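A.B. asks: Contents of entry_12.txt (compact mmCIF, C-alpha atoms) are below:
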# COMPACT_ATOMS: atom_id res chain seq x y z
CA MET A 1028 0.00 0.00 0.00
CA ILE A 1029 1.23 3.48 -0.90
CA PRO A 1030 1.86 5.61 2.20
CA LEU A 1031 -0.41 8.57 2.85
CA GLY A 1032 2.45 11.03 2.52
CA HIS A 1033 2.98 10.22 -1.15
CA TYR A 1034 -0.58 11.20 -2.00
CA LEU A 1035 -0.26 14.38 0.04
CA ILE A 1036 2.90 15.36 -1.84
CA VAL A 1037 1.18 14.82 -5.20
CA SER A 1038 -1.75 16.87 -3.91
CA ALA A 1039 0.58 19.65 -2.74
CA ILE A 1040 2.35 19.79 -6.11
CA LEU A 1041 -0.97 19.95 -7.97
CA PHE A 1042 -2.22 22.71 -5.67
CA ALA A 1043 1.00 24.68 -6.18
CA LEU A 1044 0.64 24.32 -9.96
CA GLY A 1045 -2.93 25.61 -9.75
CA THR A 1046 -1.87 28.58 -7.63
CA ALA A 1047 0.95 29.39 -10.06
CA GLY A 1048 -1.53 29.24 -12.92
CA VAL A 1049 -3.90 31.69 -11.25
CA PHE A 1050 -1.08 34.17 -10.71
CA MET A 1051 0.83 33.71 -13.97
CA ARG A 1052 -1.74 33.35 -16.72
CA ARG A 1053 -3.41 36.36 -18.32
CA ASN A 1054 -6.42 34.53 -19.71
CA LEU A 1055 -9.66 34.27 -17.76
CA ILE A 1056 -10.44 30.76 -19.03
CA THR A 1057 -7.01 29.44 -18.06
CA ILE A 1058 -7.40 31.03 -14.62
CA LEU A 1059 -10.69 29.13 -14.12
CA LEU A 1060 -8.95 25.93 -15.26
CA SER A 1061 -6.21 26.52 -12.66
CA ILE A 1062 -8.90 26.84 -9.98
CA GLU A 1063 -10.22 23.45 -11.11
CA ILE A 1064 -6.71 21.99 -10.69
CA MET A 1065 -6.60 23.32 -7.13
CA LEU A 1066 -10.02 21.86 -6.31
CA ASN A 1067 -8.86 18.49 -7.64
CA ALA A 1068 -5.70 18.59 -5.55
CA VAL A 1069 -7.83 19.11 -2.45
CA ASN A 1070 -10.12 16.27 -3.54
CA LEU A 1071 -7.15 13.93 -3.78
CA SER A 1072 -6.01 14.74 -0.25
CA PHE A 1073 -9.59 14.27 1.05
CA VAL A 1074 -9.84 10.81 -0.47
CA ALA A 1075 -6.33 9.87 0.71
CA PHE A 1076 -7.12 10.96 4.28
CA GLY A 1077 -10.42 9.11 4.19
CA ARG A 1078 -8.64 5.97 3.04
CA ALA A 1079 -6.08 6.30 5.84
CA GLN A 1080 -8.87 6.72 8.40
CA GLY A 1081 -10.91 3.87 7.03
CA THR A 1082 -14.07 5.96 6.70
CA VAL A 1083 -16.10 7.18 3.73
CA ASP A 1084 -16.32 10.77 4.98
CA GLY A 1085 -13.46 11.85 2.73
CA GLN A 1086 -15.21 10.49 -0.35
CA ILE A 1087 -18.47 12.21 0.57
CA ILE A 1088 -16.84 15.60 1.04
CA THR A 1089 -15.28 15.05 -2.38
CA PHE A 1090 -18.78 14.87 -3.88
CA PHE A 1091 -19.68 18.19 -2.31
CA VAL A 1092 -16.48 19.75 -3.65
CA MET A 1093 -17.35 18.44 -7.11
CA THR A 1094 -20.82 19.99 -6.87
CA VAL A 1095 -19.38 23.33 -5.83
CA ALA A 1096 -16.88 23.09 -8.70
CA ALA A 1097 -19.69 22.49 -11.17
CA ALA A 1098 -21.66 25.47 -9.85
CA GLU A 1099 -18.54 27.63 -9.87
CA ALA A 1100 -17.69 26.66 -13.45
CA ALA A 1101 -21.22 27.41 -14.68
CA VAL A 1102 -21.44 30.84 -13.03
CA GLY A 1103 -17.80 31.70 -13.79
CA LEU A 1104 -18.13 30.88 -17.47
CA ALA A 1105 -21.35 32.89 -17.69
CA ILE A 1106 -19.52 35.88 -16.20
CA ILE A 1107 -16.66 35.37 -18.68
CA ILE A 1108 -19.10 35.35 -21.61
CA THR A 1109 -20.70 38.57 -20.38
CA LEU A 1110 -17.31 40.24 -19.90
CA TYR A 1111 -16.16 39.17 -23.35
CA ARG A 1112 -19.26 40.73 -24.92
CA HIS A 1113 -18.37 44.06 -23.31
CA ARG A 1114 -14.64 44.26 -24.02
CA GLU A 1115 -13.81 41.66 -26.71
CA SER A 1116 -10.93 40.52 -24.52
CA LEU A 1117 -10.15 37.78 -22.03
CA ASN A 1118 -7.23 39.58 -20.40
CA PRO A 1119 -8.06 40.35 -16.75
CA ASP A 1120 -6.19 43.64 -17.08
CA ALA A 1121 -8.87 44.83 -19.50
CA PHE A 1122 -11.51 44.81 -16.78
CA THR A 1123 -10.41 47.57 -14.44
CA THR A 1124 -13.49 49.78 -14.60
CA LEU A 1125 -14.17 49.35 -10.89
CA LYS A 1126 -10.58 50.32 -10.07
CA TRP A 1127 -10.14 54.06 -9.47
CA MET B 633 5.82 -3.35 -6.40
CA PRO B 634 3.63 -2.95 -9.50
CA GLU B 635 1.24 -0.96 -7.31
CA THR B 636 3.98 1.54 -6.49
CA LEU B 637 5.03 1.74 -10.12
CA VAL B 638 1.46 2.45 -11.23
CA PHE B 639 1.16 5.13 -8.53
CA TYR B 640 4.29 6.95 -9.70
CA LEU B 641 3.21 6.68 -13.32
CA LEU B 642 -0.24 8.13 -12.61
CA ALA B 643 1.13 10.84 -10.34
CA ALA B 644 3.64 11.87 -13.00
CA LEU B 645 0.86 11.91 -15.60
CA ALA B 646 -1.41 14.06 -13.42
CA ILE B 647 1.35 16.53 -12.53
CA GLY B 648 2.74 16.67 -16.06
CA ALA B 649 -0.67 17.27 -17.62
CA SER B 650 -1.44 19.98 -15.05
CA ALA B 651 1.88 21.66 -15.83
CA MET B 652 0.96 21.57 -19.52
CA VAL B 653 -2.38 23.25 -18.69
CA ILE B 654 -0.45 26.20 -17.31
CA GLY B 655 2.30 26.08 -19.92
CA GLN B 656 -0.05 26.26 -22.90
CA ARG B 657 -0.85 29.54 -24.59
CA ASN B 658 -3.87 28.10 -26.40
CA PRO B 659 -6.86 27.58 -24.07
CA MET B 660 -8.16 24.71 -26.21
CA TYR B 661 -5.03 22.62 -25.55
CA SER B 662 -5.22 23.60 -21.87
CA VAL B 663 -8.70 22.09 -21.59
CA MET B 664 -7.57 18.89 -23.34
CA MET B 665 -4.57 18.55 -21.01
CA LEU B 666 -6.81 19.09 -17.97
CA ILE B 667 -9.02 16.20 -19.11
CA ALA B 668 -5.91 13.98 -19.21
CA SER B 669 -5.00 15.12 -15.71
CA PHE B 670 -8.51 14.27 -14.46
CA GLY B 671 -8.25 10.81 -16.00
CA ALA B 672 -5.01 10.14 -14.13
CA LEU B 673 -6.59 11.40 -10.91
CA ALA B 674 -9.56 9.07 -11.42
CA ALA B 675 -7.16 6.14 -11.70
CA LEU B 676 -5.51 7.29 -8.46
CA TYR B 677 -8.94 7.25 -6.78
CA ILE B 678 -9.42 3.64 -7.89
CA GLN B 679 -6.07 2.84 -6.30
CA LEU B 680 -7.36 4.48 -3.10
CA ASP B 681 -10.35 2.09 -2.99
CA ALA B 682 -12.79 4.83 -3.99
CA PRO B 683 -14.28 3.57 -7.27
CA PHE B 684 -17.44 5.64 -6.97
CA VAL B 685 -15.45 8.87 -6.68
CA ALA B 686 -13.41 7.79 -9.70
CA VAL B 687 -16.53 7.27 -11.81
CA ALA B 688 -18.02 10.56 -10.60
CA GLN B 689 -14.74 12.28 -11.46
CA ILE B 690 -14.90 11.00 -15.04
CA ILE B 691 -18.62 11.69 -15.52
CA ILE B 692 -18.91 15.06 -13.75
CA TYR B 693 -15.50 16.61 -14.32
CA ALA B 694 -14.26 15.19 -17.60
CA GLY B 695 -17.74 14.69 -18.99
CA ALA B 696 -19.72 17.74 -17.90
CA ILE B 697 -17.54 20.56 -16.61
CA MET B 698 -14.80 20.22 -19.22
CA VAL B 699 -17.36 20.04 -22.05
CA LEU B 700 -18.81 23.28 -20.69
CA PHE B 701 -15.33 24.82 -20.82
CA LEU B 702 -14.80 23.54 -24.36
CA PHE B 703 -18.11 25.04 -25.47
CA VAL B 704 -17.14 28.42 -24.06
CA VAL B 705 -13.66 28.31 -25.62
CA MET B 706 -15.19 27.58 -29.02
CA LEU B 707 -18.06 30.06 -28.55
CA LEU B 708 -15.72 32.93 -27.75
CA ASN B 709 -13.18 31.85 -30.38
CA ALA B 710 -10.81 32.60 -27.53
CA PRO B 711 -7.78 34.66 -28.46
CA GLN B 712 -4.34 33.45 -27.46
CA GLU B 713 -2.28 35.49 -25.07
CA ASP B 714 0.03 37.99 -26.69
CA ARG B 715 3.62 37.25 -25.74
CA ALA B 716 5.02 40.80 -26.03
CA GLU B 717 2.13 42.36 -24.17
CA TRP B 718 2.42 39.64 -21.53
CA ASP B 719 6.11 40.34 -20.97
CA ARG B 720 5.60 44.08 -20.66
CA SER B 721 2.57 44.37 -18.44
CA HIS B 722 2.61 41.25 -16.33
CA PRO B 723 2.13 42.23 -12.67
CA LEU B 724 4.62 39.59 -11.50
CA ARG B 725 7.36 41.29 -13.54
CA GLN B 726 7.39 44.37 -11.28
CA PRO B 727 10.65 44.48 -9.25
CA GLY B 728 9.09 44.71 -5.77
CA VAL B 729 6.76 41.79 -6.42
CA THR B 730 9.62 39.70 -7.78
CA ARG B 731 11.74 40.25 -4.65
CA PHE B 732 8.84 39.47 -2.32
CA GLY B 733 7.93 36.35 -4.30
CA THR B 734 11.50 35.09 -4.27
CA LEU B 735 11.66 35.59 -0.50
CA MET B 736 8.42 33.67 0.07
CA ALA B 737 9.50 30.83 -2.24
CA LEU B 738 12.83 30.53 -0.38
CA LEU B 739 10.99 30.40 2.96
CA LEU B 740 8.74 27.67 1.58
CA VAL B 741 11.74 25.61 0.42
CA ILE B 742 13.41 25.95 3.84
CA GLU B 743 10.21 25.00 5.64
CA LEU B 744 9.60 22.00 3.37
CA THR B 745 13.15 20.76 3.85
CA TRP B 746 12.77 21.12 7.61
CA ALA B 747 9.43 19.31 7.58
CA LEU B 748 10.57 16.46 5.35
CA THR B 749 13.93 15.79 7.03
CA GLY B 750 12.65 16.21 10.59
CA PRO B 751 11.71 13.34 12.86
CA GLY B 752 9.01 11.18 11.36
CA ARG B 753 5.67 12.19 12.78
CA ALA B 754 3.59 10.71 9.99
CA VAL B 755 0.98 8.28 11.22
CA GLU B 756 0.69 5.33 8.89
CA SER B 757 -2.54 3.72 9.89
CA GLY B 758 -3.39 0.47 8.25
CA ALA B 759 -7.11 1.00 8.35
CA ALA B 760 -9.22 -1.49 6.48
CA PRO B 761 -10.57 -0.15 3.20
CA VAL B 762 -14.22 0.87 3.05
CA SER B 763 -14.92 0.55 -0.61
CA SER B 764 -18.56 -0.36 -0.92
CA VAL B 765 -20.79 2.10 -2.69
CA ARG B 766 -23.57 0.98 -0.34
CA GLU B 767 -21.66 2.41 2.63
CA VAL B 768 -21.06 5.69 0.80
CA GLY B 769 -24.76 6.00 0.05
CA ARG B 770 -25.80 5.14 3.59
CA VAL B 771 -23.56 7.79 5.16
CA LEU B 772 -24.46 10.35 2.49
CA PHE B 773 -28.19 10.01 3.12
CA THR B 774 -28.02 9.86 6.92
CA ASP B 775 -25.12 11.82 8.41
CA TYR B 776 -24.82 14.28 5.53
CA MET B 777 -28.53 14.63 4.76
CA PHE B 778 -28.70 18.39 5.38
CA ALA B 779 -25.59 19.15 3.34
CA PHE B 780 -26.97 17.00 0.53
CA GLU B 781 -30.25 18.91 0.46
CA ALA B 782 -28.46 22.25 0.69
CA THR B 783 -26.43 21.21 -2.36
CA SER B 784 -29.61 20.99 -4.42
CA ILE B 785 -30.40 24.62 -3.60
CA LEU B 786 -26.83 25.56 -4.55
CA ILE B 787 -27.24 23.89 -7.94
CA LEU B 788 -30.56 25.65 -8.50
CA VAL B 789 -29.08 29.06 -7.66
CA ALA B 790 -26.05 28.41 -9.89
CA MET B 791 -28.31 27.41 -12.78
CA LEU B 792 -30.48 30.52 -12.43
CA GLY B 793 -27.41 32.72 -12.06
CA ALA B 794 -25.74 31.31 -15.16
CA VAL B 795 -28.88 31.75 -17.26
CA LEU B 796 -29.40 35.29 -16.00
CA LEU B 797 -25.76 36.34 -16.48
CA ALA B 798 -25.27 34.90 -19.96
CA ARG B 799 -28.52 36.42 -21.26
CA ARG B 800 -28.06 39.18 -23.83
CA GLU B 801 -28.90 42.65 -22.60
CA GLY B 802 -32.27 44.04 -23.56
CA GLU B 803 -33.66 40.57 -24.07
CA GLN B 804 -36.80 39.91 -22.11
CA PRO B 805 -36.71 36.61 -20.23
Translate this structure into structure tokens?
C.D. replies:
Amino acid sequence: MIPLGHYLIVSAILFALGTAGVFMRRNLITILLSIEIMLNAVNLSFVAFGRAQGTVDGQIITFFVMTVAAAEAAVGLAIIITLYRHRESLNPDAFTTLKW
Amino acid sequence: MPETLVFYLLAALAIGASAMVIGQRNPMYSVMMLIASFGALAALYIQLDAPFVAVAQIIIYAGAIMVLFLFVVMLLNAPQEDRAEWDRSHPLRQPGVTRFGTLMALLLVIELTWALTGPGRAVESGAAPVSSVREVGRVLFTDYMFAFEATSILILVAMLGAVLLARREGEQP
């Protein structure tokens, strides 16, 4: 059996990649994709912890995270479509109207 | 040993595909790479005795959410990032930010080295696997009943919000 720590390290690397994507990319769609990577990294650690504990709680919380991810993707993509109609751009720097 | 080999293979696939998601300039390839990453993660879930989560991962993430992303990428005919503009105006290229980021990254490396080489505190419990879908369903519909019902309201609100936001202006619903 693979030790718990191995899964946690994979999860940490995935989360770090997602964080780097959010900060480095200048494309709203890629930023949303990076958020999905982070959510998946957390899911992996939930399932790994649940397996180490011998309970199904980790798996169940994973379902809730998936539901939230689906809701977030739907609303986020709708916002992106609306923003693109206004500015014809996906660069987050183009949307600074609220900034004074 | 084959179990360990499969784990390292899948982990490398998941991490490599996720790195490609960030490394791509074309959002279409990013979405494709993310689907590959989700597939590797689903296989990892199977290795963790969670087959139901693995199937849900494939159906919900790779099947539904990623198709939604693909539709939006194609609908917007999404432009690629402009390299020159990116280099000039990227907020992480400002000198103060760069220094602060380097400092934080160094701190993280030191802390990780300290944590990984320190005395072993990791608890390796050999708990018996609970893999039956029946058990998952039982706990989901008893202990987590309220959260489950609240999720349905969340989905409803997200659906209404998405329809309302993506509607063209001036259009009567």
A.B. asks: For chain A versus chain B, which residues have an atom no more than 8 Å away, and what is each residue's nearest atom pair and distance in Å rounded to one decimal, using only C-alpha atoms, chain-then-number order, as JSON lines?
C.D. replies:
{"residue": "A:Met1028", "atom": "CA", "partner": "B:Glu635", "partner_atom": "CA", "distance": 7.5}
{"residue": "A:Ile1029", "atom": "CA", "partner": "B:Thr636", "partner_atom": "CA", "distance": 6.5}
{"residue": "A:Pro1030", "atom": "CA", "partner": "B:Glu756", "partner_atom": "CA", "distance": 6.8}
{"residue": "A:Leu1031", "atom": "CA", "partner": "B:Glu756", "partner_atom": "CA", "distance": 6.9}
{"residue": "A:Gly1032", "atom": "CA", "partner": "B:Ala754", "partner_atom": "CA", "distance": 7.6}
{"residue": "A:Val1037", "atom": "CA", "partner": "B:Ala643", "partner_atom": "CA", "distance": 6.5}
{"residue": "A:Ile1040", "atom": "CA", "partner": "B:Ile647", "partner_atom": "CA", "distance": 7.3}
{"residue": "A:Leu1041", "atom": "CA", "partner": "B:Ile647", "partner_atom": "CA", "distance": 6.2}
{"residue": "A:Leu1044", "atom": "CA", "partner": "B:Ala651", "partner_atom": "CA", "distance": 6.6}
{"residue": "A:Gly1045", "atom": "CA", "partner": "B:Ser650", "partner_atom": "CA", "distance": 7.9}
{"residue": "A:Gly1048", "atom": "CA", "partner": "B:Ile654", "partner_atom": "CA", "distance": 5.4}
{"residue": "A:Phe1050", "atom": "CA", "partner": "B:Leu724", "partner_atom": "CA", "distance": 7.9}
{"residue": "A:Met1051", "atom": "CA", "partner": "B:Leu724", "partner_atom": "CA", "distance": 7.4}
{"residue": "A:Arg1052", "atom": "CA", "partner": "B:Ile654", "partner_atom": "CA", "distance": 7.3}
{"residue": "A:Arg1053", "atom": "CA", "partner": "B:Glu713", "partner_atom": "CA", "distance": 6.9}
{"residue": "A:Asn1054", "atom": "CA", "partner": "B:Glu713", "partner_atom": "CA", "distance": 6.8}
{"residue": "A:Ile1056", "atom": "CA", "partner": "B:Pro659", "partner_atom": "CA", "distance": 7.0}
{"residue": "A:Thr1057", "atom": "CA", "partner": "B:Pro659", "partner_atom": "CA", "distance": 6.3}
{"residue": "A:Leu1060", "atom": "CA", "partner": "B:Val663", "partner_atom": "CA", "distance": 7.4}
{"residue": "A:Ser1061", "atom": "CA", "partner": "B:Ile654", "partner_atom": "CA", "distance": 7.4}
{"residue": "A:Ile1064", "atom": "CA", "partner": "B:Ser650", "partner_atom": "CA", "distance": 7.1}
{"residue": "A:Leu1071", "atom": "CA", "partner": "B:Tyr677", "partner_atom": "CA", "distance": 7.5}
{"residue": "A:Val1074", "atom": "CA", "partner": "B:Leu680", "partner_atom": "CA", "distance": 7.3}
{"residue": "A:Ala1075", "atom": "CA", "partner": "B:Leu680", "partner_atom": "CA", "distance": 6.7}
{"residue": "A:Arg1078", "atom": "CA", "partner": "B:Pro761", "partner_atom": "CA", "distance": 6.4}
{"residue": "A:Ala1079", "atom": "CA", "partner": "B:Ala759", "partner_atom": "CA", "distance": 6.0}
{"residue": "A:Gln1080", "atom": "CA", "partner": "B:Ala759", "partner_atom": "CA", "distance": 6.0}
{"residue": "A:Gly1081", "atom": "CA", "partner": "B:Ala759", "partner_atom": "CA", "distance": 4.9}
{"residue": "A:Thr1082", "atom": "CA", "partner": "B:Val762", "partner_atom": "CA", "distance": 6.3}
{"residue": "A:Val1083", "atom": "CA", "partner": "B:Val768", "partner_atom": "CA", "distance": 6.0}
{"residue": "A:Asp1084", "atom": "CA", "partner": "B:Val771", "partner_atom": "CA", "distance": 7.8}
{"residue": "A:Gln1086", "atom": "CA", "partner": "B:Val685", "partner_atom": "CA", "distance": 6.5}
{"residue": "A:Ile1087", "atom": "CA", "partner": "B:Leu772", "partner_atom": "CA", "distance": 6.6}
{"residue": "A:Thr1089", "atom": "CA", "partner": "B:Val685", "partner_atom": "CA", "distance": 7.5}
{"residue": "A:Phe1090", "atom": "CA", "partner": "B:Val685", "partner_atom": "CA", "distance": 7.4}
{"residue": "A:Phe1091", "atom": "CA", "partner": "B:Thr783", "partner_atom": "CA", "distance": 7.4}
{"residue": "A:Met1093", "atom": "CA", "partner": "B:Ile692", "partner_atom": "CA", "distance": 7.6}
{"residue": "A:Thr1094", "atom": "CA", "partner": "B:Thr783", "partner_atom": "CA", "distance": 7.3}
{"residue": "A:Val1095", "atom": "CA", "partner": "B:Leu786", "partner_atom": "CA", "distance": 7.9}
{"residue": "A:Ala1097", "atom": "CA", "partner": "B:Ile697", "partner_atom": "CA", "distance": 6.2}
{"residue": "A:Ala1098", "atom": "CA", "partner": "B:Ala790", "partner_atom": "CA", "distance": 5.3}
{"residue": "A:Glu1099", "atom": "CA", "partner": "B:Ala790", "partner_atom": "CA", "distance": 7.6}
{"residue": "A:Ala1100", "atom": "CA", "partner": "B:Ile697", "partner_atom": "CA", "distance": 6.9}
{"residue": "A:Ala1101", "atom": "CA", "partner": "B:Ala794", "partner_atom": "CA", "distance": 6.0}
{"residue": "A:Val1102", "atom": "CA", "partner": "B:Ala794", "partner_atom": "CA", "distance": 4.8}
{"residue": "A:Leu1104", "atom": "CA", "partner": "B:Val704", "partner_atom": "CA", "distance": 7.1}
{"residue": "A:Ala1105", "atom": "CA", "partner": "B:Ala798", "partner_atom": "CA", "distance": 5.0}
{"residue": "A:Ile1106", "atom": "CA", "partner": "B:Leu797", "partner_atom": "CA", "distance": 6.3}
{"residue": "A:Ile1108", "atom": "CA", "partner": "B:Ala798", "partner_atom": "CA", "distance": 6.4}
{"residue": "A:Thr1109", "atom": "CA", "partner": "B:Ala798", "partner_atom": "CA", "distance": 5.9}
{"residue": "A:Tyr1111", "atom": "CA", "partner": "B:Leu708", "partner_atom": "CA", "distance": 7.6}
{"residue": "A:Ser1116", "atom": "CA", "partner": "B:Pro711", "partner_atom": "CA", "distance": 7.7}
{"residue": "A:Leu1117", "atom": "CA", "partner": "B:Pro711", "partner_atom": "CA", "distance": 7.5}
{"residue": "A:Asn1118", "atom": "CA", "partner": "B:Glu713", "partner_atom": "CA", "distance": 7.9}
A.B. asks: List the spatial neighbours of Ser1038 (chain A) as a PyMOL selection string - criterion: any atom at most 9 Å away, only C-alpha atoms, same-chain residues fewer than 2 positions off excluded.
C.D. replies: chain A and resi 1033-1036+1040-1043+1065+1067-1072
A.B. asks: Take CA of Leu645 (chain B) and CA of Leu740 (chain B) and report the distance between them in Å, one decimal.
C.D. replies: 24.6 Å
A.B. asks: Tell me, in Å to one decimal, how far CA of Phe1073 (chain A) is from CA of Gly1085 (chain A).
C.D. replies: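 For CA of Phe1073 (chain A) relative to CA of Gly1085 (chain A), the distance reads 4.9 Å.
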A.B. asks: Just checking: using only C-alpha atoms, which residue out of A:Ile1107, A:Ile1062, A:Ala1121, A:Ala1096 ends up closest to Thr1046 (chain A)?
C.D. replies: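 Of A:Ile1107, A:Ile1062, A:Ala1121, A:Ala1096, the one nearest Thr1046 (chain A) is A:Ile1062, counting only C-alpha atoms.
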A.B. asks: What does the structure give for the distance between CA of Val638 (chain B) and CA of Ala672 (chain B), in Å to one decimal?
C.D. replies: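 Here the two named atoms are 10.5 Å from each other.
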